[in-house]
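These notes are about the structure you will find just below.
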2 protein chains.
Amino acid sequence: MSIPKKVLNLLKDLIGSENVYTDEAVLYAYSWDSGSLPLFSLFSDKFRFMPEVVVKARCVEDVVNTLKIANQEKIPVTPRGAGTSLSGNCIPVKGGILLDLTSMNEIKEVSPDDRIAVVEPGVVHKNLEEELHEHGMFFPPEPGSADMCTIGGMIANNASGVRACKYGTTRDWVLSLKVALPNGEIIDTGTRALKDASGYNLTQLFIGSEGTLGVIVEAILKLFPLPEHKALIIAGYSSLNEAIKAAQLVLRKLTPSSLELVTEKYVETMNKVLKRLKYPQCKAVIMIEVDGSKHEVEGQVDIVTRGCKTVNPEALEVYWDERDREELWHARHYAGFIILRMFDKAEIKIKAVHIHDVGLPLSKILDYLKFAEEEASKLGISVLPFGHLGDGNLHVNWYVDPQKEIDIQAAIKLTKKLAQKAIELGGTVSAEHGVGALRAPYMKLQHAPLINYMRKIKAVFDPNNIMNPGKLWPEEDEKDFLEKLLEAYHQNA
Amino acid sequence: MSIPKKVLNLLKDLIGSENVYTDEAVLYAYSWDSGSLPLFSLFSDKFRFMPEVVVKARCVEDVVNTLKIANQEKIPVTPRGAGTSLSGNCIPVKGGILLDLTSMNEIKEVSPDDRIAVVEPGVVHKNLEEELHEHGMFFPPEPGSADMCTIGGMIANNASGVRACKYGTTRDWVLSLKVALPNGEIIDTGTRALKDASGYNLTQLFIGSEGTLGVIVEAILKLFPLPEHKALIIAGYSSLNEAIKAAQLVLRKLTPSSLELVTEKYVETMNKVLKRLKYPQCKAVIMIEVDGSKHEVEGQVDIVTRGCKTVNPEALEVYWDERDREELWHARHYAGFIILRMFDKAEIKIKAVHIHDVGLPLSKILDYLKFAEEEASKLGISVLPFGHLGDGNLHVNWYVDPQKEIDIQAAIKLTKKLAQKAIELGGTVSAEHGVGALRAPYMKLQHAPLINYMRKIKAVFDPNNIMNPGKLWPEEDEKDFLEKLLEAYHQNA
């Protein structure tokens with residue numbers, strides 16, 4: 001479809017022509033998300049999901065005006081924050097209007113006594129964090145992209161990250177949303193009270209709906225007192241089995257703020273960029289962070305180290321110093337990106353990575369990792385797992401040579417197998433990255449009986465299906481998204 | 001309406017005639033919930049919401065069969081656990097079938113390594129708690145009715161209680177639900193993974209839906225390691241203002257597992273039944289419980305007592321001993337019931353109580369309590385507040401003389417005023433007891449723009465509106481539920 005000229009002019013009149021973009025260069029910039037960078041590097045630059053127009057909303061009224069026009073003309077609208085999603089969540093696969101919300105970035109209120117903050121959707125996590133620290137509070141969910149990602153994007157995708165083990169996901173820290181619906185109506189889904197039991201929880205329905213129901217224009221967040229002390233325990237083991245066993249022993253006693261797993265290739269990579277400190281070069285390393293008052297942290301360190309020692313670690317170190325912890329975490333946060341760069345430098349022709357994001361029952365993690373390694377090696381692919389072990393969220397990434405067609409086809413097969421296996425073991429195909437376009441085909445495997453109800457719920461709020469269409473579930477005739485990419489790759493080759 | 005004889009016979013054939021009850025005595029027993037006891041004591045025994053038939057389900061198949069028949073014949077179905085709800089949540093206000101789920105009470109699995117339990121809806125909280133303790137785990141939400149209430153009822157109403165301050169509500173501890181829908185379809189809403197970001201969260205939609213969308217037939221619960229140590233700090237103040245200030249100081253530093261407020265009338269009442277220990281007889285008393293490892297508890301006690309001392313308490317005591325804490329908590333849990341008995345004994349003719357359940361931003365609590373006292377005294381009514389101060393959930397109860405008609409009318413006015421004020425202050429009319437029949441009229445005050453969407457979501461799952469009709473929102477022509485009760489009272493007088 002193509003947006004009629006008079007509709008574009010109407011948008012320009014209402015939003016201001018300086019906020020409505022149709023230049024190809026701008027549209028191109030909005031055709032990716034962070035997940036596209038490694039994945040789409042497979043493909044020709046000609047293959048993009050371009051919007052037809054980008055609207056940069058400055059206020060609620062801009063959002064409402066855009067939605068009303070789009071709803072009347074049945075034009076797709078894809079809301080977007082910082083674009084740091086990893087599953088094509090904010091890529092405009094059906095074209096139409098890209099609604100950029102990054103300019104709506106005011107922190108409207110911080111109330112430590114009420115433990116709440118009121119923010120616009122475009123507020124960047126890092127900026128919020130800095131302001132909250134001044135009040136002695138924090139907003140616990142912290143995705144790997146915390147330096148860049150927006151709170152609106154976090155809510156739309158139910159993002160989480162390394163602190164979810166103790167603090168849960170974004171879902172647990174949102175009290176109410178102000179949402180603009182496709183018909184232009186504004187609704188408030190909750191209140192400023194910390195607890196609520198008054199009918200269907202629409203706040204929870206909108207969280208994780210990936211922009212398919214409406215546009216979040218304001219959020220009331222729940223805050224937590226900033227812990228005064230932290231400690232990071234790093235333990236290295238000679239096998240995955242032992243590392244997971246140690247983690248399980250710890251989790252039977254307490255819930256650390258983070259409990260991460262990194263495997264040897266990541267350790268090697270992180271140690272190449274770390275100057276002063278090093279991770280122990282072991283097969284499997286667990287990183288456990290605890291927080292609280294001085295007393296609390298000391299007590300937790302004692303329990304954690306006792307748990308870790310029970311399984312004969314090859315290395316065990318406790319880091320109390322903030323600078324040490326920050327350096328080590330920094331390397332961990334960027335491990336995935338560093339590893340790509342290392343590959344490049346070594347001139348190993350492995351440039352494409354696909355990030356799996358399964359959630360598993362803790363007792364099934366070892367089985368799953370074994371399965372992944374076996375299946376990958378059959379297909380001649382490298383899988384490198386790491387992840388948020390404490391809550392069962394693993395990123396089992398694969399790396400392929402983009403020059404070899406056979407590898408890509410094998411990788412697509414592997415992706416499906418890994419999704420299927422996670423479901424078989426009682427898990428989910430996405431624990432924190434969301435479904436987006438990339439995982440839409442796997443929703444049929446996981447949620448087949450629910451998709452019908454999800455579609456009907458969407459129709460309650462978005463009867464014309466204008467909100468971020470092509471996401472969350474496959475359309476009737478839809479092929480696997482990766483297969484479509486592959487086809488495009490051939491056409492453009 | 002009346003259920004046709006052949007439909008009753010079909011039910012008896014499918015479920016077994018020994019599980020299908022139509023005797024008046026049985027129907028009568030299912031015409032109340034726990035909230036009715038004090039409230040309905042106002043009214044003649046002739047005024048009841050009686051079901052036409054009670055079906056005692058033994059298994060999923062019984063539920064499915066009942067729903068299919070009811071859906072075909074458009075007969076209302078009200079699911080019921082232990083009936084400990086306080087807002088008429090499980091009272092069959094439209095007659096029809098009462099579906100008793102208490103016989104489906106198997107704990108199907110406890111997996112400490114996965115931190116999950118799988119239970120049927122009729123499992124009693126206390127029984128689950130006992131089994132979990134053997135595994136060193138617990139299920140954190142703990143309503144006042146924990147000795148009797150069922151897990152299914154807790155989920156349907158998003159119950160919480162004294163531990164919500166740190167651990168949140170039932171909503172935070174459910175990973176997946178198996179739900180029987182009116183059409184007989186069974187859906188699983190989630191997985192066994194601790195984290196999930198795969199489309200609309202239907203688990204969260206069903207939690208708190210009060211049996212209006214389907215029947216919960218199984219739940220996967222999230223568990224937490226049982227804290228090894230606890231301590232209870234009790235501080236008494238000469239004013240509400242000081243007690244709230246002390247609580248706020250504590251909450252700026254940490255999140256205790258419980259932070260309760262009791263006011264002087266309750267203190268007096270509790271002390272009359274306590275033998276060995278006494279609460280300090282002050283205007284306002286706060287009870288703060290902390291839990292964790294020995295180290296953690298010591299650290300938290302230190303922070304809490306320092307916070308409490310800052311505001312010059314009249315009394316301050318730390319209870320480390322389990323027996324002491326249990327005695328004190330026991331009195332607190334039953335304070336509401338004890339106070340009724342005390343009134344009776346004193347032959348003060350005050351027999352009816354209405355339990356408010358507002359949730360408020362913490363900074364508004366003092367304003368709200370002042371308002372409640374002023375408005376009540378204008379109307380000649382006693383209000384006695386207590387509640388879960390740490391999460392802003394107050395129970396501002398009123399007590400009236402059932403012999404005086406003027407008091408009842410005044411009480412109804414007051415109830416509406418208190419609901420309105422909570423909303424004005426950014427709060428909710430129900431923080432943990434749910435909407436049920438009692439608060440349905442106030443949903444219009446709080447959620448007017450949302451009710452339309454909630455109705456449509458109900459229609460997605462329950463197009464014939466058979467599931468617990470007459471709850472959550474007022475019907476078009478509906479009067480205030482309390483007004484209806486009053487009318488019935490006059491008719492029967």
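Lettering and numbering for the structure tokens are positional, with chains as A, B, ... in the shown order, residues counted from 1 in each chain, and ligands counted from 1 in the shown order.
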
Just the residues within 10 Å of Glu142 (chain A), please, counting only C-alpha atoms, with nothing from its chain fewer than 4 positions along; format it as a VMD selection string. chain A and resid 125 to 126 129 146 to 147 149 154 159 to 164 167 169 to 170

Restrict the selected residues to N, CA, C and O atoms and save them as a tab-separated table (two decimals), in the first residue's frame.
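Result went into out-v8.tsv, see below:
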```
chain	number	residue	atom	x	y	z
A	125	HIS	N	16.51	4.52	29.95
A	125	HIS	CA	16.73	3.83	31.24
A	125	HIS	C	17.84	4.49	32.05
A	125	HIS	O	17.68	4.77	33.23
A	126	LYS	N	18.96	4.73	31.39
A	126	LYS	CA	20.12	5.28	32.09
A	126	LYS	C	19.81	6.64	32.73
A	126	LYS	O	20.23	6.92	33.85
A	129	GLU	N	17.64	6.08	35.73
A	129	GLU	CA	18.48	5.51	36.79
A	129	GLU	C	19.26	6.61	37.52
A	129	GLU	O	19.29	6.67	38.75
A	146	ALA	N	20.56	-1.10	28.71
A	146	ALA	CA	20.08	-0.06	29.64
A	146	ALA	C	20.63	1.33	29.36
A	146	ALA	O	19.99	2.33	29.68
A	147	ASP	N	21.79	1.41	28.77
A	147	ASP	CA	22.38	2.73	28.47
A	147	ASP	C	21.59	3.47	27.40
A	147	ASP	O	21.69	4.69	27.28
A	149	CYS	N	18.18	2.02	25.93
A	149	CYS	CA	16.79	1.65	25.70
A	149	CYS	C	15.83	2.60	26.43
A	149	CYS	O	16.18	3.22	27.42
A	154	MET	N	10.85	-0.94	27.00
A	154	MET	CA	10.98	-1.99	28.03
A	154	MET	C	9.60	-2.54	28.41
A	154	MET	O	9.44	-3.75	28.58
A	159	ALA	N	10.86	-6.26	29.06
A	159	ALA	CA	12.29	-6.51	29.12
A	159	ALA	C	12.71	-6.88	30.54
A	159	ALA	O	12.00	-6.59	31.50
A	160	SER	N	13.90	-7.49	30.66
A	160	SER	CA	14.37	-7.76	32.03
A	160	SER	C	15.88	-7.62	32.11
A	160	SER	O	16.37	-6.52	32.22
A	161	GLY	N	16.65	-8.70	32.03
A	161	GLY	CA	18.11	-8.57	32.12
A	161	GLY	C	18.67	-9.21	33.37
A	161	GLY	O	18.02	-10.04	33.99
A	162	VAL	N	19.87	-8.76	33.76
A	162	VAL	CA	20.63	-9.48	34.78
A	162	VAL	C	20.06	-9.37	36.20
A	162	VAL	O	20.42	-10.16	37.06
A	163	ARG	N	19.21	-8.39	36.49
A	163	ARG	CA	18.71	-8.28	37.87
A	163	ARG	C	17.37	-8.99	38.08
A	163	ARG	O	16.78	-8.91	39.15
A	164	ALA	N	16.88	-9.67	37.03
A	164	ALA	CA	15.55	-10.27	37.12
A	164	ALA	C	15.49	-11.42	38.11
A	164	ALA	O	14.41	-11.74	38.62
A	167	TYR	N	14.64	-9.48	41.22
A	167	TYR	CA	13.68	-8.38	41.13
A	167	TYR	C	12.58	-8.58	40.09
A	167	TYR	O	11.70	-7.74	39.97
A	169	THR	N	10.78	-9.01	36.25
A	169	THR	CA	10.88	-8.33	34.95
A	169	THR	C	10.17	-6.97	35.01
A	169	THR	O	9.61	-6.60	36.04
A	170	THR	N	10.17	-6.26	33.89
A	170	THR	CA	9.52	-4.95	33.85
A	170	THR	C	8.07	-5.04	34.34
A	170	THR	O	7.57	-4.16	35.04
```

With 6 Å as the limit and counting only C-alpha atoms, what residues in chain B lie close to chain A? Please list them as an MDAnalysis selection string. chainID B and resid 114 191:200 209 225 252:253 295:296 299 359:363 391 426:427 430:432 434:435 472

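Counting only C-alpha atoms and comparing B:Cys90, B:Ala117, B:Cys308, B:Leu67, the residue that lies closest to Tyr30 (chain B) is B:Cys90.
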
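The smallest atom-to-atom distance between Asn9 (chain A) and any of A:Ile244, A:Ala82, A:Val53, A:Ala180, using only C-alpha atoms, is found for A:Val53.
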
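For the atom pair formed by CA of Glu260 (chain B) and CA of Glu109 (chain A), the distance is 27.1 Å, given to one decimal.
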
Using only C-alpha atoms, which residues sit within 9 Å of Cys59 (chain A) once same-chain residues fewer than 6 positions away are excluded, as a PyMOL selection string? chain A and resi 101+103-104+217

Pull the strand (DSSP E or B) assignments for region 33-133 of chain A out of DSSP run on the backbone, and list those residues as a PyMOL selection string. chain A and resi 53-56+77-80+97-100+107-111+116-119+124

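Every protein, DNA or RNA residue with an atom at most 12 Å from Leu8 (chain A), where only C-alpha atoms count and chain neighbours fewer than 5 positions away do not, is listed here: Ser2, Ile3, Asp13, Leu14, Ile15, Gly16, Ser17, Asn19, Val20, Tyr21, Thr22, Glu52, Val53, Val54, Val55, Thr66, Ile69, Ala70, Glu73, Ile75, Gly96 and Ile97 of chain A.
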
Residues just named, written with N, CA, C and O atoms as a PDB file, in the first residue's frame:
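Output saved as result_4.pdb:
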```
ATOM      1  N   SER A   2       0.236   2.326  -0.271  1.00  0.00           N
ATOM      2  CA  SER A   2       0.983   3.576  -0.276  1.00  0.00           C
ATOM      3  C   SER A   2       0.106   4.645   0.382  1.00  0.00           C
ATOM      4  O   SER A   2      -1.102   4.699   0.144  1.00  0.00           O
ATOM      5  N   ILE A   3       0.703   5.439   1.234  1.00  0.00           N
ATOM      6  CA  ILE A   3      -0.078   6.451   1.949  1.00  0.00           C
ATOM      7  C   ILE A   3      -0.399   7.606   0.995  1.00  0.00           C
ATOM      8  O   ILE A   3       0.507   8.178   0.379  1.00  0.00           O
ATOM      9  N   ASP A  13       0.388  18.847   8.664  1.00  0.00           N
ATOM     10  CA  ASP A  13      -0.361  19.975   9.232  1.00  0.00           C
ATOM     11  C   ASP A  13      -0.517  19.816  10.741  1.00  0.00           C
ATOM     12  O   ASP A  13      -0.346  20.758  11.513  1.00  0.00           O
ATOM     13  N   LEU A  14      -0.879  18.602  11.154  1.00  0.00           N
ATOM     14  CA  LEU A  14      -1.193  18.381  12.563  1.00  0.00           C
ATOM     15  C   LEU A  14       0.050  18.240  13.444  1.00  0.00           C
ATOM     16  O   LEU A  14       0.092  18.729  14.571  1.00  0.00           O
ATOM     17  N   ILE A  15       1.067  17.549  12.959  1.00  0.00           N
ATOM     18  CA  ILE A  15       2.245  17.237  13.788  1.00  0.00           C
ATOM     19  C   ILE A  15       3.367  18.255  13.533  1.00  0.00           C
ATOM     20  O   ILE A  15       4.306  18.349  14.325  1.00  0.00           O
ATOM     21  N   GLY A  16       3.276  18.983  12.453  1.00  0.00           N
ATOM     22  CA  GLY A  16       4.363  19.903  12.076  1.00  0.00           C
ATOM     23  C   GLY A  16       5.237  19.213  11.052  1.00  0.00           C
ATOM     24  O   GLY A  16       5.724  18.103  11.308  1.00  0.00           O
ATOM     25  N   SER A  17       5.460  19.862   9.912  1.00  0.00           N
ATOM     26  CA  SER A  17       6.176  19.171   8.830  1.00  0.00           C
ATOM     27  C   SER A  17       7.600  18.806   9.246  1.00  0.00           C
ATOM     28  O   SER A  17       8.174  17.857   8.739  1.00  0.00           O
ATOM     29  N   ASN A  19       8.425  17.373  11.826  1.00  0.00           N
ATOM     30  CA  ASN A  19       8.408  16.118  12.587  1.00  0.00           C
ATOM     31  C   ASN A  19       7.897  14.934  11.765  1.00  0.00           C
ATOM     32  O   ASN A  19       7.660  13.856  12.316  1.00  0.00           O
ATOM     33  N   VAL A  20       7.690  15.170  10.493  1.00  0.00           N
ATOM     34  CA  VAL A  20       7.178  14.105   9.615  1.00  0.00           C
ATOM     35  C   VAL A  20       8.199  13.893   8.491  1.00  0.00           C
ATOM     36  O   VAL A  20       8.473  14.810   7.722  1.00  0.00           O
ATOM     37  N   TYR A  21       8.778  12.703   8.455  1.00  0.00           N
ATOM     38  CA  TYR A  21       9.895  12.453   7.546  1.00  0.00           C
ATOM     39  C   TYR A  21       9.530  11.440   6.471  1.00  0.00           C
ATOM     40  O   TYR A  21       8.955  10.400   6.776  1.00  0.00           O
ATOM     41  N   THR A  22       9.904  11.752   5.231  1.00  0.00           N
ATOM     42  CA  THR A  22       9.700  10.781   4.156  1.00  0.00           C
ATOM     43  C   THR A  22      10.980  10.564   3.334  1.00  0.00           C
ATOM     44  O   THR A  22      10.985   9.756   2.405  1.00  0.00           O
ATOM     45  N   GLU A  52       6.797   3.996   5.414  1.00  0.00           N
ATOM     46  CA  GLU A  52       6.569   4.975   4.344  1.00  0.00           C
ATOM     47  C   GLU A  52       6.768   6.392   4.858  1.00  0.00           C
ATOM     48  O   GLU A  52       7.072   7.302   4.104  1.00  0.00           O
ATOM     49  N   VAL A  53       6.550   6.525   6.175  1.00  0.00           N
ATOM     50  CA  VAL A  53       6.732   7.842   6.783  1.00  0.00           C
ATOM     51  C   VAL A  53       7.107   7.644   8.246  1.00  0.00           C
ATOM     52  O   VAL A  53       6.673   6.686   8.885  1.00  0.00           O
ATOM     53  N   VAL A  54       7.952   8.549   8.741  1.00  0.00           N
ATOM     54  CA  VAL A  54       8.315   8.530  10.159  1.00  0.00           C
ATOM     55  C   VAL A  54       7.706   9.761  10.819  1.00  0.00           C
ATOM     56  O   VAL A  54       7.891  10.883  10.333  1.00  0.00           O
ATOM     57  N   VAL A  55       6.943   9.539  11.880  1.00  0.00           N
ATOM     58  CA  VAL A  55       6.372  10.653  12.650  1.00  0.00           C
ATOM     59  C   VAL A  55       7.075  10.691  14.002  1.00  0.00           C
ATOM     60  O   VAL A  55       7.099   9.694  14.721  1.00  0.00           O
ATOM     61  N   THR A  66      -1.973  11.113  15.160  1.00  0.00           N
ATOM     62  CA  THR A  66      -1.430  10.112  14.235  1.00  0.00           C
ATOM     63  C   THR A  66      -2.312   8.869  14.203  1.00  0.00           C
ATOM     64  O   THR A  66      -2.634   8.339  13.134  1.00  0.00           O
ATOM     65  N   ILE A  69      -5.762   9.360  12.387  1.00  0.00           N
ATOM     66  CA  ILE A  69      -5.620   9.358  10.923  1.00  0.00           C
ATOM     67  C   ILE A  69      -5.348   7.942  10.422  1.00  0.00           C
ATOM     68  O   ILE A  69      -5.983   7.450   9.486  1.00  0.00           O
ATOM     69  N   ALA A  70      -4.406   7.271  11.087  1.00  0.00           N
ATOM     70  CA  ALA A  70      -4.029   5.922  10.659  1.00  0.00           C
ATOM     71  C   ALA A  70      -5.212   4.968  10.754  1.00  0.00           C
ATOM     72  O   ALA A  70      -5.426   4.134   9.867  1.00  0.00           O
ATOM     73  N   GLU A  73      -7.682   5.669   7.945  1.00  0.00           N
ATOM     74  CA  GLU A  73      -7.161   5.278   6.626  1.00  0.00           C
ATOM     75  C   GLU A  73      -6.648   3.834   6.608  1.00  0.00           C
ATOM     76  O   GLU A  73      -6.128   3.377   5.588  1.00  0.00           O
ATOM     77  N   ILE A  75      -3.956   2.544   8.015  1.00  0.00           N
ATOM     78  CA  ILE A  75      -2.507   2.531   7.748  1.00  0.00           C
ATOM     79  C   ILE A  75      -1.792   1.902   8.956  1.00  0.00           C
ATOM     80  O   ILE A  75      -2.048   2.302  10.091  1.00  0.00           O
ATOM     81  N   GLY A  96       3.865   1.535   6.262  1.00  0.00           N
ATOM     82  CA  GLY A  96       3.010   2.472   6.982  1.00  0.00           C
ATOM     83  C   GLY A  96       3.792   3.499   7.784  1.00  0.00           C
ATOM     84  O   GLY A  96       4.879   3.934   7.387  1.00  0.00           O
ATOM     85  N   ILE A  97       3.220   3.857   8.951  1.00  0.00           N
ATOM     86  CA  ILE A  97       3.784   4.924   9.773  1.00  0.00           C
ATOM     87  C   ILE A  97       4.681   4.348  10.854  1.00  0.00           C
ATOM     88  O   ILE A  97       4.291   3.434  11.577  1.00  0.00           O
TER      89      ILE A  97
END
```

Quick one, how far is CA of Ile155 (chain A) from CA of Ala247 (chain A)? 28.9 Å

Calculate how many Å separate CA of Val267 (chain B) from CA of Ala284 (chain B), rounding to one decimal. 8.5 Å

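Excluding Gly152 (chain B) and any residue on its chain fewer than 6 positions from it, the residues at most 7 Å away by only C-alpha atoms are Gly81, Pro121, Gly122 and Ile216 of chain B.
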
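Among the candidate residues B:Gly214, B:Gly470, B:Pro4, B:Gly387, the one lying nearest to Ala335 (chain B) is B:Gly387, with distances computed using only C-alpha atoms.
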
With DSSP run on the backbone, what are the alpha helix (DSSP H) residues within region 2-250 of chain A? I'd like them as a count of residues only. 73

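Using only C-alpha atoms, the smallest distance between any of B:Met148, B:Leu232, B:Leu175, B:Leu223 and Pro256 (chain B) comes from B:Leu232.
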